[in-house]
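Student: If it helps, the file is called upload.cif and holds mmCIF, C-alpha atoms:
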```cif
data_work
loop_
_atom_site.label_atom_id
_atom_site.label_comp_id
_atom_site.auth_asym_id
_atom_site.auth_seq_id
_atom_site.Cartn_x
_atom_site.Cartn_y
_atom_site.Cartn_z
CA THR J 986 0.00 0.00 0.00
CA LEU J 987 0.99 3.59 -0.51
CA PRO J 988 1.24 6.60 1.81
CA TRP J 989 -0.91 8.70 -0.48
CA GLY J 990 -3.75 10.93 0.67
CA SER J 991 -6.13 11.56 -2.22
CA CYS J 992 -6.60 13.02 -5.63
CA SER J 993 -9.53 15.38 -5.43
CA TRP J 994 -10.77 16.73 -8.76
CA HIS J 995 -9.19 20.11 -8.14
CA GLN J 996 -6.02 19.05 -6.38
CA GLU J 997 -2.95 17.31 -7.75
CA ALA J 998 -1.43 14.58 -5.62
CA ALA J 999 2.02 15.12 -4.21
CA PRO J 1000 4.87 13.39 -6.04
CA ALA J 1001 5.81 10.02 -4.58
CA GLU J 1002 9.22 11.14 -3.34
CA ALA J 1003 7.61 13.96 -1.33
CA LEU J 1004 5.18 11.73 0.53
CA PRO J 1005 6.12 11.36 4.22
CA GLU J 1006 5.22 8.43 6.42
CA ASP J 1007 3.33 10.70 8.78
CA PRO J 1008 0.76 13.39 7.95
CA PRO J 1009 1.96 17.00 7.83
CA LYS J 1010 2.68 18.71 11.14
CA ASP J 1011 0.16 21.45 10.46
CA THR J 1012 -3.25 19.85 10.88
CA SER J 1013 -4.96 22.92 12.28
CA GLU J 1014 -7.64 22.81 9.58
CA ALA J 1015 -8.67 19.34 10.67
CA LEU J 1016 -8.65 20.18 14.38
CA GLU J 1017 -10.69 23.35 14.18
CA ASP J 1018 -14.46 23.40 14.46
CA PRO J 1019 -16.64 22.11 12.93
CA TRP J 1020 -14.51 18.95 12.68
CA THR J 1021 -14.64 18.33 16.42
CA ARG J 1022 -18.02 19.92 17.06
CA PRO J 1023 -21.11 17.67 17.39
CA ALA J 1024 -23.00 17.59 14.11
CA GLY J 1025 -26.33 18.60 15.63
CA LEU J 1026 -27.93 15.72 13.73
CA PRO J 1027 -28.24 12.12 14.93
CA PRO J 1028 -26.29 9.63 12.80
CA LEU J 1029 -28.68 7.53 10.70
CA VAL J 1030 -28.99 5.96 7.27
CA PRO J 1031 -31.86 7.74 5.46
CA ALA J 1032 -34.49 5.92 3.45
CA GLY J 1033 -33.67 5.03 -0.13
CA ARG J 1034 -33.17 2.05 -2.41
CA THR J 1035 -29.77 2.98 -3.85
CA ILE J 1036 -26.53 4.26 -2.37
CA ALA J 1037 -26.77 7.35 -4.58
CA GLU J 1038 -30.27 8.18 -3.34
CA VAL J 1039 -29.34 7.67 0.32
CA PHE J 1040 -26.19 9.77 -0.06
CA LEU J 1041 -28.09 12.72 -1.51
CA ARG J 1042 -30.62 12.60 1.32
CA GLN J 1043 -27.83 12.51 3.88
CA ALA J 1044 -25.99 15.38 2.20
CA ALA J 1045 -29.18 17.46 2.09
CA ARG J 1046 -29.54 17.24 5.88
CA ASP J 1047 -26.60 19.65 6.22
CA PRO J 1048 -24.43 20.27 3.14
CA GLU J 1049 -21.84 22.20 5.18
CA ARG J 1050 -21.21 19.31 7.57
CA PRO J 1051 -17.65 17.90 7.34
CA VAL J 1052 -17.53 14.23 6.40
CA LEU J 1053 -14.18 13.28 4.81
CA ALA J 1054 -10.57 14.20 5.56
CA ASP J 1055 -7.04 13.11 4.79
CA ALA J 1056 -3.58 14.64 5.00
CA THR J 1057 -3.54 15.69 1.34
CA SER J 1058 -7.05 17.07 0.86
CA GLY J 1059 -7.79 18.40 4.33
CA VAL J 1060 -11.39 18.43 5.53
CA LYS J 1061 -14.22 18.09 2.99
CA THR J 1062 -17.89 18.85 3.57
CA TYR J 1063 -20.82 17.18 1.86
CA ARG J 1064 -20.99 20.14 -0.52
CA ASP J 1065 -17.32 19.61 -1.41
CA VAL J 1066 -18.07 15.97 -2.18
CA ILE J 1067 -21.03 16.99 -4.35
CA THR J 1068 -18.77 19.43 -6.22
CA GLY J 1069 -16.22 16.71 -6.90
CA ILE J 1070 -18.87 14.29 -8.17
CA LEU J 1071 -20.37 16.89 -10.51
CA ALA J 1072 -16.93 17.75 -11.90
CA LEU J 1073 -15.90 14.13 -12.53
CA LYS J 1074 -19.26 12.75 -13.68
CA PRO J 1075 -19.07 13.83 -17.38
CA ALA J 1076 -15.69 12.16 -17.87
CA MET J 1077 -16.96 8.98 -16.23
CA GLU J 1078 -20.14 8.92 -18.31
CA ALA J 1079 -18.13 9.20 -21.53
CA LEU J 1080 -16.31 5.91 -20.92
CA PRO J 1081 -17.53 2.82 -22.80
CA GLY J 1082 -19.10 -0.15 -21.07
CA PRO J 1083 -21.09 -0.62 -17.86
CA TYR J 1084 -18.05 -1.15 -15.61
CA VAL J 1085 -15.20 1.12 -14.51
CA GLY J 1086 -12.16 0.03 -12.54
CA ILE J 1087 -10.88 1.80 -9.41
CA MET J 1088 -7.46 1.09 -7.94
CA LEU J 1089 -6.87 3.46 -5.03
CA PRO J 1090 -6.16 3.18 -1.30
CA ALA J 1091 -8.37 4.56 1.46
CA SER J 1092 -8.62 8.30 0.77
CA VAL J 1093 -10.92 11.21 0.08
CA GLY J 1094 -10.36 10.74 -3.65
CA SER J 1095 -11.28 7.06 -3.53
CA ALA J 1096 -14.57 7.76 -1.75
CA ILE J 1097 -15.54 10.53 -4.18
CA LEU J 1098 -14.62 8.42 -7.21
CA PHE J 1099 -16.75 5.50 -5.96
CA LEU J 1100 -19.81 7.76 -5.67
CA THR J 1101 -19.08 9.36 -9.04
CA ALA J 1102 -19.19 5.95 -10.73
CA LEU J 1103 -22.67 5.29 -9.31
CA PHE J 1104 -24.00 8.70 -10.36
CA ALA J 1105 -22.49 8.18 -13.83
CA GLY J 1106 -24.42 4.93 -14.27
CA LYS J 1107 -21.32 2.74 -13.96
CA THR J 1108 -20.62 -0.19 -11.66
CA PRO J 1109 -17.29 0.33 -9.86
CA VAL J 1110 -14.93 -2.65 -9.98
CA ILE J 1111 -12.41 -2.26 -7.16
CA LEU J 1112 -9.01 -3.80 -7.81
CA ASN J 1113 -6.88 -5.44 -5.15
CA TRP J 1114 -3.28 -4.86 -6.21
CA THR J 1115 -2.04 -7.33 -3.57
CA ALA J 1116 -3.76 -10.17 -5.49
CA GLY J 1117 -1.10 -10.20 -8.21
CA LEU J 1118 -0.97 -9.13 -11.83
CA ARG J 1119 -2.47 -12.30 -13.31
CA ASN J 1120 -5.49 -12.17 -11.04
CA MET J 1121 -6.09 -8.47 -11.68
CA ILE J 1122 -5.98 -8.91 -15.46
CA GLN J 1123 -8.18 -12.01 -15.27
CA GLY J 1124 -10.79 -10.09 -13.27
CA LEU J 1125 -10.79 -7.11 -15.62
CA ASP J 1126 -11.01 -9.30 -18.70
CA LEU J 1127 -13.87 -11.29 -17.19
CA LEU J 1128 -15.96 -8.12 -16.89
CA LYS J 1129 -14.50 -6.45 -19.99
CA VAL J 1130 -13.35 -3.46 -17.93
CA GLN J 1131 -11.51 -1.12 -20.28
CA GLN J 1132 -10.49 1.74 -17.96
CA VAL J 1133 -9.13 1.82 -14.42
CA PHE J 1134 -8.89 5.02 -12.38
CA THR J 1135 -5.71 5.22 -10.34
CA ALA J 1136 -2.97 7.71 -9.43
CA ARG J 1137 0.57 8.09 -10.71
CA ALA J 1138 1.79 8.38 -7.13
CA LEU J 1139 0.34 4.96 -6.34
CA ILE J 1140 1.74 3.34 -9.49
CA THR J 1141 5.19 4.82 -8.86
CA ARG J 1142 5.24 3.45 -5.33
CA LEU J 1143 3.99 0.01 -6.35
CA GLU J 1144 6.59 -0.24 -9.10
CA GLY J 1145 9.22 0.80 -6.59
CA GLN J 1146 8.12 -2.10 -4.39
CA GLY J 1147 8.47 -4.52 -7.30
CA VAL J 1148 4.73 -5.00 -7.89
CA PRO J 1149 4.35 -6.01 -11.57
CA LEU J 1150 1.82 -3.98 -13.57
CA GLN J 1151 2.77 -4.86 -17.15
CA GLY J 1152 -0.29 -5.12 -19.35
CA LEU J 1153 -2.40 -2.84 -17.16
CA GLU J 1154 -0.87 0.52 -18.06
CA GLU J 1155 -2.94 1.02 -21.20
CA ARG J 1156 -6.12 0.84 -19.12
CA PHE J 1157 -5.05 3.39 -16.50
CA ILE J 1158 -6.68 6.82 -16.21
CA TYR J 1159 -4.53 8.90 -13.88
CA LEU J 1160 -6.41 11.29 -11.62
CA GLU J 1161 -3.52 13.74 -11.73
CA ASP J 1162 -3.89 14.00 -15.52
CA LEU J 1163 -7.66 14.24 -15.24
CA ALA J 1164 -7.36 17.12 -12.81
CA LYS J 1165 -4.86 18.98 -15.00
CA GLY J 1166 -6.94 18.54 -18.11
CA MET J 1167 -10.28 19.48 -16.59
CA PRO J 1168 -11.57 22.72 -18.17
CA LEU J 1169 -12.01 25.64 -15.82
CA PRO J 1170 -15.64 26.18 -16.92
CA ARG J 1171 -16.51 22.67 -15.79
CA LYS J 1172 -14.94 23.28 -12.38
CA LEU J 1173 -16.83 26.55 -12.01
CA TRP J 1174 -20.06 24.90 -13.17
CA ALA J 1175 -19.65 22.08 -10.64
CA LYS J 1176 -19.05 24.55 -7.81
CA ALA J 1177 -22.04 26.66 -8.80
CA MET J 1178 -24.35 23.67 -9.17
CA SER J 1179 -23.34 22.37 -5.74
CA TRP J 1180 -25.08 25.49 -4.41
CA LEU J 1181 -27.85 25.99 -6.95
CA SER J 1182 -29.18 22.58 -7.99
CA TRP J 1183 -28.36 18.90 -7.50
CA ALA J 1184 -30.71 17.94 -10.33
CA PRO J 1185 -27.95 16.31 -12.46
CA LEU J 1186 -27.35 13.90 -9.57
CA ARG J 1187 -30.98 13.35 -8.60
CA GLN J 1188 -31.72 12.33 -12.19
CA ALA J 1189 -28.98 9.67 -12.17
CA ARG J 1190 -29.91 6.02 -12.68
CA PRO J 1191 -27.37 3.77 -10.92
CA THR J 1192 -26.91 0.21 -12.12
CA ASP J 1193 -28.40 -2.69 -10.13
CA SER J 1194 -24.97 -3.73 -8.87
CA ALA J 1195 -23.40 -1.18 -6.52
CA VAL J 1196 -19.90 -2.65 -6.75
CA VAL J 1197 -17.91 -5.66 -7.86
CA LEU J 1198 -15.32 -7.01 -5.42
CA PHE J 1199 -13.07 -10.04 -5.78
CA THR J 1200 -12.61 -13.03 -3.50
CA SER J 1201 -9.17 -13.74 -2.06
CA GLY J 1202 -8.48 -16.59 -4.48
CA SER J 1203 -7.69 -19.08 -1.73
CA GLU J 1204 -9.66 -21.83 -3.54
CA ASN J 1205 -8.80 -20.94 -7.14
CA VAL J 1206 -8.52 -17.75 -9.16
CA PRO J 1207 -10.38 -14.84 -7.49
CA LYS J 1208 -14.09 -14.73 -8.27
CA ALA J 1209 -15.90 -11.51 -9.19
CA VAL J 1210 -18.69 -10.87 -6.67
CA PRO J 1211 -21.33 -8.24 -7.49
CA LEU J 1212 -23.02 -6.66 -4.46
CA SER J 1213 -26.35 -4.92 -4.82
CA HIS J 1214 -27.35 -1.61 -3.27
CA GLY J 1215 -29.72 -3.62 -1.07
CA ASN J 1216 -26.86 -5.84 0.15
CA LEU J 1217 -24.77 -2.91 1.33
CA LEU J 1218 -27.61 -0.76 2.66
CA ALA J 1219 -28.97 -3.65 4.73
CA ASN J 1220 -25.56 -4.08 6.36
CA LEU J 1221 -25.24 -0.36 7.02
CA ARG J 1222 -28.69 -0.12 8.60
CA ASP J 1223 -27.94 -3.14 10.75
CA ILE J 1224 -24.73 -1.48 11.94
CA THR J 1225 -26.50 1.75 12.94
CA GLU J 1226 -29.12 -0.25 14.84
CA ALA J 1227 -26.56 -2.39 16.66
CA ILE J 1228 -24.13 0.42 17.58
CA HIS J 1229 -25.09 3.70 19.20
CA PHE J 1230 -23.20 6.36 17.27
CA ARG J 1231 -22.84 9.87 18.63
CA GLU J 1232 -23.00 13.21 16.86
CA ASP J 1233 -19.33 13.89 17.60
CA ASP J 1234 -17.98 10.47 16.54
CA ARG J 1235 -14.99 10.50 14.20
CA ILE J 1236 -13.67 7.36 12.50
CA VAL J 1237 -10.08 6.65 11.51
CA GLY J 1238 -10.16 4.88 8.15
CA PHE J 1239 -7.24 2.83 6.85
CA LEU J 1240 -8.81 -0.37 5.56
CA PRO J 1241 -8.55 -0.71 1.76
CA PRO J 1242 -11.82 -0.30 -0.14
CA PHE J 1243 -11.12 -3.46 -2.17
CA HIS J 1244 -12.31 -5.52 0.83
CA SER J 1245 -15.95 -5.48 1.94
CA PHE J 1246 -14.88 -4.64 5.53
CA GLY J 1247 -13.23 -1.39 4.47
CA LEU J 1248 -15.79 -0.52 1.80
CA THR J 1249 -18.72 -0.95 4.20
CA CYS J 1250 -17.36 0.41 7.47
CA THR J 1251 -14.94 3.18 6.51
CA THR J 1252 -16.15 4.27 3.05
CA LEU J 1253 -19.95 3.94 2.92
CA LEU J 1254 -20.88 4.10 6.61
CA PRO J 1255 -19.48 7.64 7.14
CA LEU J 1256 -20.94 9.00 3.89
CA LEU J 1257 -24.40 7.48 4.32
CA ALA J 1258 -24.82 7.67 8.10
CA GLY J 1259 -23.41 11.16 8.57
CA LEU J 1260 -20.22 10.29 10.46
CA ARG J 1261 -16.83 11.89 9.96
CA VAL J 1262 -13.84 9.85 8.76
CA VAL J 1263 -10.16 10.72 8.39
CA TYR J 1264 -8.18 8.47 6.03
CA HIS J 1265 -4.63 7.19 5.95
CA PRO J 1266 -3.84 4.93 2.98
CA ASN J 1267 -1.37 2.53 4.59
CA PRO J 1268 -2.74 0.31 7.40
CA MET J 1269 0.77 -0.89 8.20
CA GLU J 1270 2.05 2.57 9.23
CA ALA J 1271 1.10 2.21 12.87
CA ARG J 1272 2.98 5.28 14.16
CA ALA J 1273 1.40 7.53 11.56
CA LEU J 1274 -2.04 6.18 12.42
CA SER J 1275 -1.59 6.74 16.15
CA ARG J 1276 -0.68 10.37 15.45
CA ILE J 1277 -3.69 10.80 13.16
CA ILE J 1278 -5.99 9.43 15.87
CA PHE J 1279 -4.55 11.97 18.31
CA ARG J 1280 -4.58 14.98 15.95
CA TYR J 1281 -8.03 14.36 14.52
CA ARG J 1282 -9.41 13.23 17.91
CA CYS J 1283 -10.89 10.03 16.54
CA THR J 1284 -13.42 8.17 18.64
CA LEU J 1285 -13.91 5.03 16.51
CA MET J 1286 -11.37 2.64 15.00
CA VAL J 1287 -12.17 -0.24 12.65
CA GLY J 1288 -9.59 -2.80 11.60
CA THR J 1289 -8.19 -6.31 11.73
CA PRO J 1290 -6.56 -7.51 14.98
CA THR J 1291 -3.16 -7.52 13.25
CA PHE J 1292 -3.38 -3.83 12.34
CA LEU J 1293 -4.93 -2.87 15.68
CA HIS J 1294 -2.24 -4.69 17.66
CA ALA J 1295 0.49 -2.82 15.77
CA ILE J 1296 -1.17 0.54 16.53
CA LEU J 1297 -1.62 -0.27 20.21
CA ARG J 1298 1.99 -1.44 20.50
CA VAL J 1299 3.56 1.81 19.25
CA SER J 1300 1.05 4.30 20.68
CA LYS J 1301 1.44 6.37 23.81
CA ASP J 1302 -1.50 6.25 26.19
CA ASP J 1303 -2.63 9.81 25.46
CA GLN J 1304 -2.55 9.30 21.67
CA LEU J 1305 -5.50 6.91 21.79
CA GLN J 1306 -7.31 8.49 24.73
CA THR J 1307 -10.17 9.79 22.56
CA LEU J 1308 -11.05 6.33 21.20
CA ARG J 1309 -14.19 4.93 22.79
CA LEU J 1310 -14.93 1.97 20.52
CA VAL J 1311 -12.69 -0.40 18.54
CA VAL J 1312 -14.33 -2.76 16.06
CA THR J 1313 -12.29 -5.74 14.96
CA GLY J 1314 -12.98 -8.39 12.34
CA ALA J 1315 -11.64 -10.52 9.44
CA GLU J 1316 -9.67 -12.72 11.87
CA LYS J 1317 -9.94 -13.97 15.46
CA CYS J 1318 -9.08 -11.32 18.02
CA PRO J 1319 -6.41 -12.67 20.39
CA GLU J 1320 -6.92 -12.40 24.13
CA PRO J 1321 -3.76 -10.28 24.68
CA LEU J 1322 -5.34 -7.48 22.62
CA TYR J 1323 -8.32 -7.42 24.99
CA GLU J 1324 -5.95 -7.40 27.96
CA THR J 1325 -3.88 -4.53 26.57
CA ILE J 1326 -6.92 -2.33 26.03
CA SER J 1327 -8.37 -3.21 29.43
CA ARG J 1328 -5.10 -2.26 31.14
CA ARG J 1329 -4.11 0.87 29.22
CA TRP J 1330 -7.46 2.28 28.05
CA PRO J 1331 -10.12 0.93 30.44
CA HIS J 1332 -12.79 3.28 29.02
CA MET J 1333 -12.41 1.75 25.54
CA VAL J 1334 -14.75 -0.99 24.33
CA ILE J 1335 -13.60 -3.62 21.84
CA LEU J 1336 -16.31 -5.15 19.65
CA GLU J 1337 -15.40 -8.35 17.83
CA GLY J 1338 -17.35 -9.03 14.67
CA TYR J 1339 -15.68 -12.25 13.54
CA GLY J 1340 -17.08 -15.73 13.25
CA ILE J 1341 -16.76 -18.71 10.96
#
```
Please, can you express the file's structure as structure tokens?
Tutor:
Amino acid sequence: TLPWGSCSWHQEAAPAEALPEDPPKDTSEALEDPWTRPAGLPPLVPAGRTIAEVFLRQAARDPERPVLADATSGVKTYRDVITGILALKPAMEALPGPYVGIMLPASVGSAILFLTALFAGKTPVILNWTAGLRNMIQGLDLLKVQQVFTARALITRLEGQGVPLQGLEERFIYLEDLAKGMPLPRKLWAKAMSWLSWAPLRQARPTDSAVVLFTSGSENVPKAVPLSHGNLLANLRDITEAIHFREDDRIVGFLPPFHSFGLTCTTLLPLLAGLRVVYHPNPMEARALSRIIFRYRCTLMVGTPTFLHAILRVSKDDQLQTLRLVVTGAEKCPEPLYETISRRWPHMVILEGYGI
């Protein structure tokens, strides 16, 4: 994975060699109100049959409410997200075929691009670059996916790590190039429409499948699994019924969106339930994540026991003091992790959501 924040439609990503392990020292924008102020609205998943419909209803509750953040893009409100979708939607609609690939880590840009695909009438196909070149190509060919949105910063870092990408380059659409080539009138139009009318988004007709993910390939080659809007919305509504979220809750998001755990809990849940999330793209950078939790005053953390254990091991007690709930899944949570939290952060609750 890559320490890369996001590629918003109006903002070019930093070059790979300039990307630090930790977020910038100056995070005052993220720590000022309204980021830490209660939203004034109870977290809930509004009525609606599609993710696009539910998102618009959530955004309309308070367009100026902050919802997404990362070290590159800073804090983004619902209106900012709407602006990004409106700006990117024409380019997405112009692509051939019903599917569009996305290969990005957890970030503001990844979340906006996922929504843009739905509003453009495309089904996003999220690539797992850890699955290997053969499996990625096999999955794309199976669905006849011709274009994949990614970032040059990500590709540069993956190539530097020896990850083979030969045969994929001709399908890549780089967000940095898309941002540079976007006409100024379109940017101005998107900004104006975010204030004047969301009609271009309300008239959208999303496909029946909300996303295509891939299995791990433990039995054979990875299988393409389409998930419906109903699949994902049912899970999200179950989560909000099972867990009491507060108006001032803030999630730290580092799980990759190519797994259903990350897509559901740290991409769609914040956007559709009205919770705030700050992203860091590399779940293995435990020290950076502990600092993000402290600086952005996160109250909720979602991850696998392996990632959570690494964060707990390198964190000082005060860095995680704001966390009230830790949700763990994807593997069995070992007893020592419970013991560590009970000893060092007795106010913190750990919720295990794993079972065979």
Student: If the PyMOL selection byres ((chain J and resi 1133-1136) around 6) were run on this exact file, what residues would it hold? Put them as a ChimeraX atom specification.
Tutor: /J:1086-1089,1132,1137-1139,1156-1160
Student: Any chance you could work out the residue set of the PyMOL selection byres ((chain J and resi 1110) around 9) here, as a list in words?
Tutor: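 For this structure, the PyMOL selection byres ((chain J and resi 1110) around 9) captures Tyr1084, Val1085, Gly1086, Ile1087, Met1088, Thr1108, Pro1109, Ile1111, Leu1112, Leu1125, Leu1128, Val1130, Val1133, Val1196, Val1197, Leu1198, Phe1199, Ala1209, Pro1211 and Phe1243 of chain J.
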Student: Output C-alpha atoms for every residue in the selection just made, as a CSV table (one decimal), in the frame of the given file.
Tutor:
```
chain,number,residue,atom,x,y,z
J,1084,TYR,CA,-18.0,-1.2,-15.6
J,1085,VAL,CA,-15.2,1.1,-14.5
J,1086,GLY,CA,-12.2,0.0,-12.5
J,1087,ILE,CA,-10.9,1.8,-9.4
J,1088,MET,CA,-7.5,1.1,-7.9
J,1108,THR,CA,-20.6,-0.2,-11.7
J,1109,PRO,CA,-17.3,0.3,-9.9
J,1111,ILE,CA,-12.4,-2.3,-7.2
J,1112,LEU,CA,-9.0,-3.8,-7.8
J,1125,LEU,CA,-10.8,-7.1,-15.6
J,1128,LEU,CA,-16.0,-8.1,-16.9
J,1130,VAL,CA,-13.4,-3.5,-17.9
J,1133,VAL,CA,-9.1,1.8,-14.4
J,1196,VAL,CA,-19.9,-2.6,-6.8
J,1197,VAL,CA,-17.9,-5.7,-7.9
J,1198,LEU,CA,-15.3,-7.0,-5.4
J,1199,PHE,CA,-13.1,-10.0,-5.8
J,1209,ALA,CA,-15.9,-11.5,-9.2
J,1211,PRO,CA,-21.3,-8.2,-7.5
J,1243,PHE,CA,-11.1,-3.5,-2.2
```
Student: Name the residues that the PyMOL selection byres ((chain J and resi 1269) around 8) picks from the file above, as a PyMOL selection string, using the file's chain letters and numbers.
Tutor: chain J and resi 1267-1268+1270-1271+1292+1295
Student: Restrict the selected residues to C-alpha atoms and save them as a PDB file, keeping the file's coordinate frame.
Tutor:
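Saved file selection_20.pdb follows:
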```
ATOM      1  CA  ASN J1267      -1.370   2.530   4.590  1.00  0.00           C
ATOM      2  CA  PRO J1268      -2.740   0.310   7.400  1.00  0.00           C
ATOM      3  CA  GLU J1270       2.050   2.570   9.230  1.00  0.00           C
ATOM      4  CA  ALA J1271       1.100   2.210  12.870  1.00  0.00           C
ATOM      5  CA  PHE J1292      -3.380  -3.830  12.340  1.00  0.00           C
ATOM      6  CA  ALA J1295       0.490  -2.820  15.770  1.00  0.00           C
TER       7      ALA J1295
END
```
Student: So what do you get for atom CA of Ala1195 of chain J versus atom CA of Thr1313 of chain J, distance-wise?
Tutor: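 Atom CA of Ala1195 of chain J sits 24.6 Å away from atom CA of Thr1313 of chain J.
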Student: Of the residues J:Leu1248, J:Ala1076, J:Arg1222, J:Ser1300, which is the one nearest to Ala1032 of chain J, using only C-alpha atoms?
Tutor: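 Ranked by minimum distance to Ala1032 of chain J, first place goes to J:Arg1222.
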Student: Between atom CA of Gly1033 of chain J and atom CA of Ala1219 of chain J, what is the distance, to one decimal in Å?
Tutor: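 That distance, rounded to one decimal, is 11.0 Å.
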Student: Please tabulate, as JSON lines, the residues of segment 1033-1123 of chain J that come within 9 Å of segment 1146-1155 of chain J, each with its closest pair of atoms and the distance in Å to one decimal, counting only C-alpha atoms and ordering rows by chain, then residue number upward.
Tutor:
```
{"residue": "J:Trp1114", "atom": "CA", "partner": "J:Val1148", "partner_atom": "CA", "distance": 8.2}
{"residue": "J:Thr1115", "atom": "CA", "partner": "J:Val1148", "partner_atom": "CA", "distance": 8.4}
{"residue": "J:Gly1117", "atom": "CA", "partner": "J:Pro1149", "partner_atom": "CA", "distance": 7.7}
{"residue": "J:Leu1118", "atom": "CA", "partner": "J:Leu1150", "partner_atom": "CA", "distance": 6.1}
{"residue": "J:Met1121", "atom": "CA", "partner": "J:Leu1153", "partner_atom": "CA", "distance": 8.7}
{"residue": "J:Ile1122", "atom": "CA", "partner": "J:Leu1153", "partner_atom": "CA", "distance": 7.2}
```
Student: Could you pull the residues within 10 Å of Pro1168 of chain J, counting all atoms listed in the file, minus those fewer than 5 positions along the same chain, as a PyMOL selection string?
Tutor: chain J and resi 1072+1163+1173
